[in-house]
Amino acid sequence: MEIDKSFKGYKSWKEGSKQTVIAEPGETKDDAIQFMHAHLDHFNLRGEFTFNAGNVVQNGNEFIFTINKLGGKPRVNRLRLGLGVQPEIDSASKK
């Protein structure tokens with residue numbers, strides 16, 4: 001899979017949009033997921049859109065992603081996506 005640098009379909013994405021990725025022979029669901037992450041990064045969409053890798057639907061060599069629009073506080077989104085970690089509680093400061 002290669003990123004089509006002229007792809008403009010992301011401009012119409014909204015909550016619940018579907019995006020189909022067609023894999024080459026031998027490419028796996030994990031490859032498609034990595035491709036979509038790279039795609040979001042390439043078009044600077046990481047802070048605006050995401051997807052749930054557990055909900056990717058495979059139909060042969062097609063992988064269908066459901067796009068989710070991010071909202072709210074960025075910190076909350078990072079935690080929800082598993083991209084951040086919760087800070088440790090400093091018990092010394094609680095005394």
# chains A, B, ... in the order shown; residues from 1 in each chain; ligands from 1

call {"tool": "residues_around", "arguments": {"residues": "region 35-42 of chain A", "least_positions_apart": "6", "cutoff": "9 Å", "atoms": "only C-alpha atoms", "output": "MDAnalysis selection string"}}
result
chainID A and resid 1:5 21 48:51 65

call {"tool": "closest_residue", "arguments": {"among": "A:Ala32, A:Leu45, A:Gly9, A:Ser17", "to": "Gln58 (chain A)", "atoms": "only C-alpha atoms"}}
result
A:Ala32

call {"tool": "select_by_dssp", "arguments": {"residues": "region 22-60 of chain A", "states": "helix (DSSP H, G or I)", "output": "number ranges by chain"}}
result
A: 29-42, 53-55

call {"tool": "residues_around", "arguments": {"residues": "region 11-15 of chain A", "least_positions_apart": "2", "cutoff": "9 Å", "atoms": "only C-alpha atoms", "output": "mmCIF file with C-alpha atoms, in the first residue's frame"}}
result
data_model
loop_
_atom_site.group_PDB
_atom_site.id
_atom_site.type_symbol
_atom_site.label_atom_id
_atom_site.label_comp_id
_atom_site.auth_asym_id
_atom_site.auth_seq_id
_atom_site.Cartn_x
_atom_site.Cartn_y
_atom_site.Cartn_z
ATOM 1 C CA LYS A 8 -8.568 14.451 -1.150
ATOM 2 C CA GLY A 9 -11.297 12.119 0.169
ATOM 3 C CA SER A 17 -17.326 7.919 7.600
ATOM 4 C CA LYS A 18 -16.085 4.721 5.987
ATOM 5 C CA GLN A 19 -12.691 4.461 4.317
ATOM 6 C CA PHE A 49 -9.546 11.837 13.214
ATOM 7 C CA THR A 66 -14.856 3.566 10.374
ATOM 8 C CA ILE A 67 -13.516 7.058 10.928
ATOM 9 C CA ASN A 68 -14.059 8.756 14.271
ATOM 10 C CA LYS A 69 -13.775 12.493 14.745
ATOM 11 C CA LEU A 70 -11.859 13.567 17.802
#

call {"tool": "select_by_dssp", "arguments": {"residues": "region 29-67 of chain A", "states": "strand (DSSP E or B)", "output": "ChimeraX atom specification"}}
result
/A:49-51,57-59,62-67

call {"tool": "atom_distance", "arguments": {"atom1": "CA of Phe63 (chain A)", "atom2": "CA of Ser6 (chain A)"}}
result
20.4 Å

call {"tool": "atom_distance", "arguments": {"atom1": "CA of Val57 (chain A)", "atom2": "CA of Tyr10 (chain A)"}}
result
18.9 Å

call {"tool": "atom_distance", "arguments": {"atom1": "CA of Ile64 (chain A)", "atom2": "CA of Lys29 (chain A)"}}
result
10.1 Å
